[in-house]
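K.L.:
Have a peek at query-v9.cif (mmCIF, C-alpha atoms).
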data_final
#
loop_
_atom_site.label_atom_id
_atom_site.label_comp_id
_atom_site.auth_asym_id
_atom_site.auth_seq_id
_atom_site.Cartn_x
_atom_site.Cartn_y
_atom_site.Cartn_z
CA MET A 1 38.00 -35.21 59.39
CA THR A 2 35.36 -37.92 59.74
CA PHE A 3 35.01 -39.87 62.96
CA ASP A 4 36.08 -43.14 61.31
CA ARG A 5 39.17 -41.51 59.78
CA TRP A 6 40.08 -40.08 63.21
CA VAL A 7 39.80 -43.56 64.77
CA ASN A 8 41.90 -44.94 61.91
CA ASP A 9 44.63 -42.35 62.50
CA ARG A 10 44.69 -42.84 66.29
CA LEU A 11 44.93 -46.62 65.97
CA LEU A 12 47.87 -46.09 63.65
CA ALA A 13 49.50 -43.75 66.18
CA HIS A 14 49.12 -46.43 68.87
CA GLY A 15 50.68 -49.09 66.65
CA ALA A 16 47.48 -51.16 66.59
CA TYR A 17 46.71 -50.67 62.91
CA SER A 18 48.78 -51.62 59.88
CA GLY A 19 46.23 -51.58 57.08
CA ARG A 20 45.28 -48.93 54.57
CA VAL A 21 44.52 -45.57 56.20
CA ASP A 22 41.27 -44.76 54.40
CA GLY A 23 38.83 -44.15 57.24
CA VAL A 24 36.64 -47.08 56.18
CA PRO A 25 35.30 -49.06 59.17
CA GLY A 26 36.07 -52.46 57.69
CA ARG A 27 37.52 -55.71 58.98
CA GLU A 28 41.04 -54.34 59.47
CA MET A 29 39.80 -51.47 61.60
CA VAL A 30 37.62 -53.80 63.67
CA ALA A 31 40.60 -56.10 64.29
CA ALA A 32 42.78 -53.12 65.21
CA LEU A 33 40.15 -51.81 67.63
CA LYS A 34 40.04 -55.20 69.34
CA ARG A 35 43.84 -55.28 69.66
CA PHE A 36 43.88 -51.78 71.09
CA GLN A 37 41.01 -52.44 73.50
CA SER A 38 42.69 -55.59 74.81
CA ALA A 39 45.98 -53.73 75.26
CA VAL A 40 44.39 -50.97 77.40
CA GLY A 41 42.13 -53.26 79.44
CA LEU A 42 38.83 -52.60 77.69
CA GLU A 43 36.37 -55.21 76.46
CA PRO A 44 37.47 -56.11 72.90
CA THR A 45 34.23 -55.35 71.10
CA GLY A 46 35.76 -53.88 67.95
CA LEU A 47 33.40 -50.91 68.31
CA ALA A 48 34.64 -47.35 68.80
CA ASN A 49 32.54 -46.56 71.87
CA ALA A 50 33.03 -43.63 74.24
CA ASP A 51 35.55 -45.42 76.52
CA THR A 52 37.61 -46.54 73.54
CA VAL A 53 37.61 -43.04 72.05
CA GLU A 54 38.80 -41.61 75.37
CA ALA A 55 41.66 -44.13 75.46
CA LEU A 56 42.56 -43.35 71.85
CA ARG A 57 42.92 -39.68 72.76
CA GLN A 58 45.83 -40.55 75.06
CA ASN A 59 49.42 -41.40 74.28
CA ALA A 60 51.33 -44.39 75.68
CA ARG A 61 51.93 -42.50 78.97
CA GLY A 62 48.23 -41.80 79.48
CA VAL A 63 48.48 -38.12 78.54
CA VAL A 64 45.64 -36.72 76.42
CA VAL A 65 47.19 -35.54 73.16
CA ALA A 66 44.26 -35.58 70.70
CA THR A 67 40.84 -33.98 70.46
CA ALA A 68 38.17 -36.46 69.41
CA PRO A 69 35.17 -35.83 67.21
CA LYS A 70 31.81 -36.57 68.81
CA VAL A 71 30.97 -40.29 68.81
CA PRO A 72 28.33 -40.66 66.06
CA ALA A 73 24.82 -41.71 67.00
CA GLU A 74 24.60 -43.87 63.87
CA PRO A 75 26.11 -47.33 64.38
CA VAL A 76 29.06 -48.34 62.28
CA TRP A 77 27.10 -50.57 59.86
CA MET A 78 24.79 -47.67 59.05
CA ARG A 79 27.72 -45.35 58.39
CA GLU A 80 29.11 -48.00 56.06
CA ALA A 81 25.79 -48.11 54.19
CA ARG A 82 25.76 -44.32 53.77
CA ARG A 83 29.04 -44.54 51.86
CA TYR A 84 27.06 -46.15 49.04
CA MET A 85 24.16 -43.69 48.89
CA GLY A 86 23.07 -43.26 45.28
CA LEU A 87 24.62 -46.53 44.06
CA LYS A 88 22.34 -47.92 41.34
CA GLU A 89 21.90 -51.25 39.63
CA ILE A 90 22.43 -51.27 35.86
CA ALA A 91 19.39 -51.92 33.68
CA GLY A 92 19.73 -54.60 31.03
CA PRO A 93 22.27 -57.42 30.69
CA LYS A 94 25.08 -55.62 32.52
CA SER A 95 25.34 -55.48 36.32
CA ASN A 96 26.85 -53.05 38.81
CA LEU A 97 30.20 -54.58 39.72
CA THR A 98 30.06 -53.18 43.25
CA ILE A 99 26.85 -55.10 43.96
CA ILE A 100 28.24 -58.25 42.36
CA GLY A 101 31.41 -57.73 44.41
CA TRP A 102 29.38 -57.86 47.63
CA ALA A 103 28.22 -61.35 46.69
CA LYS A 104 31.74 -62.45 45.83
CA ARG A 105 33.02 -61.17 49.16
CA LEU A 106 30.38 -63.15 51.06
CA GLY A 107 31.52 -66.21 49.10
CA GLY A 108 30.04 -69.69 49.29
CA TRP A 109 26.79 -70.40 47.53
CA VAL A 110 25.91 -66.68 47.52
CA ALA A 111 28.80 -65.90 45.17
CA GLY A 112 27.71 -68.63 42.78
CA PHE A 113 24.03 -67.75 42.93
CA TYR A 114 24.13 -63.98 42.76
CA THR A 115 25.51 -63.04 39.34
CA ASP A 116 22.97 -60.45 38.11
CA ASP A 117 21.82 -57.27 39.87
CA ASP A 118 18.32 -57.79 38.47
CA THR A 119 18.02 -60.28 41.34
CA PRO A 120 16.65 -58.51 44.46
CA TRP A 121 19.63 -57.28 46.46
CA CYS A 122 18.32 -55.60 49.62
CA GLY A 123 19.37 -58.62 51.74
CA LEU A 124 22.73 -58.79 49.99
CA ALA A 125 23.39 -55.12 50.79
CA VAL A 126 22.52 -55.53 54.47
CA ALA A 127 24.67 -58.69 54.67
CA ASN A 128 27.62 -56.82 53.21
CA TRP A 129 27.34 -53.80 55.51
CA ILE A 130 26.88 -55.95 58.62
CA SER A 131 29.63 -58.45 57.82
CA VAL A 132 32.21 -55.79 56.90
CA THR A 133 31.74 -53.83 60.11
CA LEU A 134 30.79 -56.68 62.50
CA PRO A 135 32.86 -59.60 61.17
CA SER A 136 31.99 -61.95 64.06
CA GLU A 137 28.22 -61.38 63.73
CA PRO A 138 26.36 -64.52 62.53
CA LEU A 139 24.36 -63.82 59.38
CA PRO A 140 21.14 -65.60 58.34
CA SER A 141 21.85 -68.87 56.51
CA ASN A 142 20.26 -67.27 53.45
CA PRO A 143 20.99 -63.55 53.78
CA LEU A 144 19.54 -62.83 50.33
CA GLY A 145 16.02 -63.59 51.60
CA ALA A 146 14.83 -60.34 53.16
CA LEU A 147 12.41 -61.95 55.59
CA ASN A 148 15.16 -64.25 56.88
CA TRP A 149 16.50 -61.18 58.66
CA SER A 150 13.37 -61.27 60.85
CA ASN A 151 15.20 -63.72 63.15
CA PHE A 152 18.62 -62.07 62.95
CA GLY A 153 20.42 -60.97 66.13
CA VAL A 154 18.07 -59.98 68.93
CA ALA A 155 14.58 -58.51 68.88
CA LEU A 156 13.83 -54.90 69.81
CA LYS A 157 10.42 -53.73 71.00
CA GLU A 158 10.93 -50.27 69.51
CA PRO A 159 13.15 -49.05 66.66
CA ALA A 160 16.54 -47.54 67.43
CA LEU A 161 18.78 -45.72 64.97
CA GLY A 162 20.38 -48.39 62.77
CA ALA A 163 18.00 -51.19 63.77
CA ILE A 164 17.34 -53.80 61.08
CA LEU A 165 13.73 -53.59 59.91
CA THR A 166 12.01 -56.25 57.80
CA PHE A 167 8.84 -55.64 55.80
CA LYS A 168 6.26 -57.68 53.96
CA ARG A 169 5.56 -56.92 50.31
CA PRO A 170 3.62 -58.72 47.57
CA GLY A 171 5.58 -61.85 46.68
CA GLY A 172 8.36 -61.38 49.20
CA GLY A 173 9.91 -58.98 51.67
CA HIS A 174 12.34 -56.15 52.19
CA VAL A 175 15.08 -55.32 54.72
CA GLY A 176 16.94 -52.14 55.62
CA PHE A 177 18.09 -49.91 58.48
CA TYR A 178 15.91 -47.61 60.60
CA ALA A 179 16.80 -43.98 59.84
CA GLY A 180 13.71 -42.45 61.45
CA ASP A 181 9.96 -42.32 61.06
CA ASP A 182 6.97 -40.02 60.67
CA SER A 183 3.37 -40.63 61.71
CA GLN A 184 2.72 -43.10 58.88
CA CYS A 185 6.04 -44.45 57.62
CA PHE A 186 9.46 -45.67 58.62
CA HIS A 187 12.37 -43.97 56.85
CA VAL A 188 14.61 -46.84 55.75
CA LEU A 189 18.22 -46.74 54.57
CA GLY A 190 18.73 -49.74 52.34
CA GLY A 191 19.54 -51.24 48.97
CA ASN A 192 17.26 -52.07 46.04
CA GLN A 193 15.03 -49.09 46.87
CA SER A 194 14.08 -47.60 43.49
CA ASN A 195 16.91 -49.83 42.24
CA SER A 196 19.45 -47.93 44.35
CA VAL A 197 20.90 -47.38 47.82
CA SER A 198 18.68 -44.69 49.29
CA VAL A 199 16.48 -43.64 52.17
CA THR A 200 12.84 -44.31 51.43
CA ARG A 201 9.52 -44.21 53.30
CA ILE A 202 7.81 -47.55 53.96
CA ASP A 203 4.38 -47.81 55.57
CA LYS A 204 4.46 -48.95 59.19
CA SER A 205 1.67 -51.46 58.56
CA ARG A 206 4.11 -53.56 56.52
CA LEU A 207 6.60 -54.02 59.39
CA GLN A 208 7.54 -57.63 60.11
CA ALA A 209 10.34 -57.38 62.71
CA ILE A 210 12.81 -55.06 64.44
CA ARG A 211 16.22 -56.62 65.08
CA TRP A 212 19.65 -55.63 66.41
CA PRO A 213 23.06 -57.32 65.93
CA LYS A 214 24.25 -59.36 68.92
CA THR A 215 27.74 -57.87 68.58
CA GLY A 216 26.53 -54.34 67.81
CA GLY A 217 26.71 -52.91 71.31
CA GLU A 218 23.75 -51.29 73.03
CA PRO A 219 21.30 -49.43 70.80
CA VAL A 220 20.67 -45.76 71.47
CA PRO A 221 16.96 -45.74 72.39
CA GLY A 222 14.49 -43.19 71.15
CA ARG A 223 12.45 -42.39 68.08
CA VAL A 224 14.06 -40.33 65.31
CA VAL A 225 11.33 -38.00 64.01
CA ARG A 226 11.42 -37.23 60.29
CA SER A 227 9.16 -35.08 58.12
CA ALA A 228 6.63 -36.93 55.97
CA THR A 229 7.91 -35.84 52.56
CA GLY A 230 7.71 -37.98 49.45
CA GLU A 231 5.44 -40.87 48.59
CA ALA A 232 5.69 -44.14 50.50
CA SER A 233 7.36 -47.04 48.68
CA ARG A 234 5.00 -49.89 47.86
CA ASP A 235 7.28 -52.45 46.21
CA GLU A 236 11.08 -52.56 46.57
CA ALA A 237 11.70 -55.40 44.10
#
Do you think you could lay out the structure here as structure tokens?

P.N.:
Amino acid sequence: MTFDRWVNDRLLAHGAYSGRVDGVPGREMVAALKRFQSAVGLEPTGLANADTVEALRQNARGVVVATAPKVPAEPVWMREARRYMGLKEIAGPKSNLTIIGWAKRLGGWVAGFYTDDDTPWCGLAVANWISVTLPSEPLPSNPLGALNWSNFGVALKEPALGAILTFKRPGGGHVGFYAGDDSQCFHVLGGNQSNSVSVTRIDKSRLQAIRWPKTGGEPVPGRVVRSATGEASRDEA
């Protein structure tokens, strides 16, 4: 059982969750976590941190009745992104309906503007994964512009697993999540990388900013060392 499915099941057992039991860390799970945290006297962050997991293990009388999986190091928005690994845009006049659906879910001018997955979608992907798992987190006014994420949330001096990284590229920028690094490149989990959701290597010299969501809890510090395999990406458009 995945960690998110375990949280889903325990929230249901505590009567805090009434949505679909699918183990997806979306808006309903976030709302249920906040209800549960408030009920047991914890700060209602909507994040399944260690204290919340310990409380979820207990029944209404405070007796531990469930064994919990280890709290993942990857933050919830990064786990959400991994669910879409391998998702590709469709070449030609058709578009991937999942990608188009992200724009529709964001609504407003984004839904009207983004109607074709030939339009760069790295910022759209990050906006979807952040907004689904951190629904109270303010997004950039134009989340489709990758470099607009350079002022998102709060700045970090060093990358942490799941940090939002922005990069310069000819004619624009790119944005994704820090999954590790080697001596030359960051390993970035993001969208519109070889026209898909993937982890790719991007040269460290292109880095623009390192950011962290204001409502994302404390980052787990420390470099994640990866092997330098595969060529570095040079243009994510």

K.L.:
Calculated over only C-alpha atoms, which of the candidates A:Lys214, A:Lys70, A:His14, A:Arg234 has the smallest distance to Ile164 in chain A?

P.N.:
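So, comparing all the options, the nearest one is A:Lys214.
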
K.L.:
Excluding Ala60 in chain A and its own-chain neighbours fewer than 4 positions away, which residues fall within 12 Å of it when counting only C-alpha atoms? Please give them as a PyMOL selection string.

P.N.:
chain A and resi 10-11+13-16+36+39-40+55-56+64-65

K.L.:
Those selected residues, please, written with C-alpha atoms and delivered as a compact mmCIF listing (two decimals), in the coordinates of the input.

P.N.:
# COMPACT_ATOMS: atom_id res chain seq x y z
CA ARG A 10 44.69 -42.84 66.29
CA LEU A 11 44.93 -46.62 65.97
CA ALA A 13 49.50 -43.75 66.18
CA HIS A 14 49.12 -46.43 68.87
CA GLY A 15 50.68 -49.09 66.65
CA ALA A 16 47.48 -51.16 66.59
CA PHE A 36 43.88 -51.78 71.09
CA ALA A 39 45.98 -53.73 75.26
CA VAL A 40 44.39 -50.97 77.40
CA ALA A 55 41.66 -44.13 75.46
CA LEU A 56 42.56 -43.35 71.85
CA VAL A 64 45.64 -36.72 76.42
CA VAL A 65 47.19 -35.54 73.16

K.L.:
Which value, in Å to one decimal, gives the distance between CA of Lys34 in chain A and CA of Ala73 in chain A?

P.N.:
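Those two atoms sit 20.5 Å apart.
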
K.L.:
Run through the PyMOL selection byres ((chain A and resi 168-176) around 6) on the given coordinates and return the selected residues as number ranges by chain.

P.N.:
A: 146-147, 164-167, 177, 188-190, 206

K.L.:
What's the 8 Å shell around range 23-29 of chain A, counting all atoms listed in the file, without same-chain residues fewer than 3 positions away, as a PyMOL selection string?

P.N.:
chain A and resi 2+4-8+17+19+32-33+46+76+80+132-135

K.L.:
Could you write out as a PDB file with C-alpha atoms, in the frame of the given file the residues that the PyMOL selection byres ((chain A and resi 161) around 9) matches in the shown file?

P.N.:
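Writing the result to part-v3.pdb gives the following:
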ATOM      1  CA  ALA A  73      24.820 -41.710  67.000  1.00  0.00           C
ATOM      2  CA  GLU A  74      24.600 -43.870  63.870  1.00  0.00           C
ATOM      3  CA  PRO A  75      26.110 -47.330  64.380  1.00  0.00           C
ATOM      4  CA  MET A  78      24.790 -47.670  59.050  1.00  0.00           C
ATOM      5  CA  PRO A 159      13.150 -49.050  66.660  1.00  0.00           C
ATOM      6  CA  ALA A 160      16.540 -47.540  67.430  1.00  0.00           C
ATOM      7  CA  GLY A 162      20.380 -48.390  62.770  1.00  0.00           C
ATOM      8  CA  ALA A 163      18.000 -51.190  63.770  1.00  0.00           C
ATOM      9  CA  PHE A 177      18.090 -49.910  58.480  1.00  0.00           C
ATOM     10  CA  TYR A 178      15.910 -47.610  60.600  1.00  0.00           C
ATOM     11  CA  ALA A 179      16.800 -43.980  59.840  1.00  0.00           C
ATOM     12  CA  GLY A 180      13.710 -42.450  61.450  1.00  0.00           C
ATOM     13  CA  PRO A 219      21.300 -49.430  70.800  1.00  0.00           C
ATOM     14  CA  VAL A 220      20.670 -45.760  71.470  1.00  0.00           C
ATOM     15  CA  PRO A 221      16.960 -45.740  72.390  1.00  0.00           C
ATOM     16  CA  GLY A 222      14.490 -43.190  71.150  1.00  0.00           C
ATOM     17  CA  ARG A 223      12.450 -42.390  68.080  1.00  0.00           C
ATOM     18  CA  VAL A 224      14.060 -40.330  65.310  1.00  0.00           C
TER      19      VAL A 224
END

K.L.:
When you look at Tyr84 in chain A with a cut-off of 10 Å (counting all atoms listed in the file), what residues show up, excluding the ones that are within fewer than 6 positions of it in the same chain? I need them as an mmCIF file with C-alpha atoms, keeping the file's coordinate frame.

P.N.:
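Output (part.cif):
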data_model
loop_
_atom_site.group_PDB
_atom_site.id
_atom_site.type_symbol
_atom_site.label_atom_id
_atom_site.label_comp_id
_atom_site.auth_asym_id
_atom_site.auth_seq_id
_atom_site.Cartn_x
_atom_site.Cartn_y
_atom_site.Cartn_z
ATOM 1 C CA THR A 98 30.060 -53.180 43.250
ATOM 2 C CA ALA A 125 23.390 -55.120 50.790
ATOM 3 C CA GLY A 190 18.730 -49.740 52.340
ATOM 4 C CA GLY A 191 19.540 -51.240 48.970
ATOM 5 C CA SER A 196 19.450 -47.930 44.350
ATOM 6 C CA VAL A 197 20.900 -47.380 47.820
ATOM 7 C CA SER A 198 18.680 -44.690 49.290
#

K.L.:
For this structure, which residues satisfy the selection - the PyMOL selection byres ((chain A and resi 113-119) around 12) - when it is evaluated on the file as given? I want them as a ChimeraX atom specification.

P.N.:
/A:87-112,120-125,142-145,191-192,195-196,236-237

K.L.:
Measure the distance from CA of Cys185 in chain A to CA of Ile210 in chain A in Å and round it to one decimal.

P.N.:
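These two atoms are separated by 14.3 Å.
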
K.L.:
Kindly give the distance, in Å, that separates CA of Glu54 in chain A and CA of Leu12 in chain A, rounded to a single decimal.

P.N.:
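So the two atoms, CA of Glu54 in chain A and CA of Leu12 in chain A, lie 15.5 Å apart.
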
K.L.:
Between A:Ala155, A:Leu47, A:Leu42, A:Ala66, which is the closest to Val30 in chain A once you count only C-alpha atoms?

P.N.:
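Going through A:Ala155, A:Leu47, A:Leu42, A:Ala66 one by one, the smallest distance to Val30 in chain A is for A:Leu47.
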
K.L.:
Please define a box with edges along x, y and z of the file around all atoms of range 213-218 of chain A given in the file, extend it by 5 Å on each side, and return its centre and edge lengths in Å to one decimal, as JSON.

P.N.:
{"center_x": 25.4, "center_y": -55.3, "center_z": 69.5, "size_x": 14.7, "size_y": 18.1, "size_z": 17.1}

K.L.:
When distances are computed from only C-alpha atoms, which of A:Ala68, A:Gln58, A:Ser136, A:Glu231 shows the smallest separation from Ala31 in chain A?

P.N.:
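Using only C-alpha atoms, Ala31 in chain A sits closest to A:Ser136.
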
K.L.:
In terms of the shortest atom-to-atom distance over all atoms listed in the file, which of A:Ser205, A:Asp22, A:Gly217, A:Val225 is closest to Ala48 in chain A?

P.N.:
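Closest to Ala48 in chain A of all the choices is A:Gly217.
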
K.L.:
Given the point (10.8, -43.9, 56.6) in the file's coordinates, find the residues that have an atom at most 9 Å from it, counting all atoms listed in the file, and give them as number ranges by chain.

P.N.:
A: 178-182, 184-189, 199-204, 226, 228, 232

K.L.:
Here is a test: counting all atoms listed in the file, which residue of A:Val126, A:Met1, A:Arg83, A:Gly216 is nearest to Asn148 in chain A?

P.N.:
A:Val126
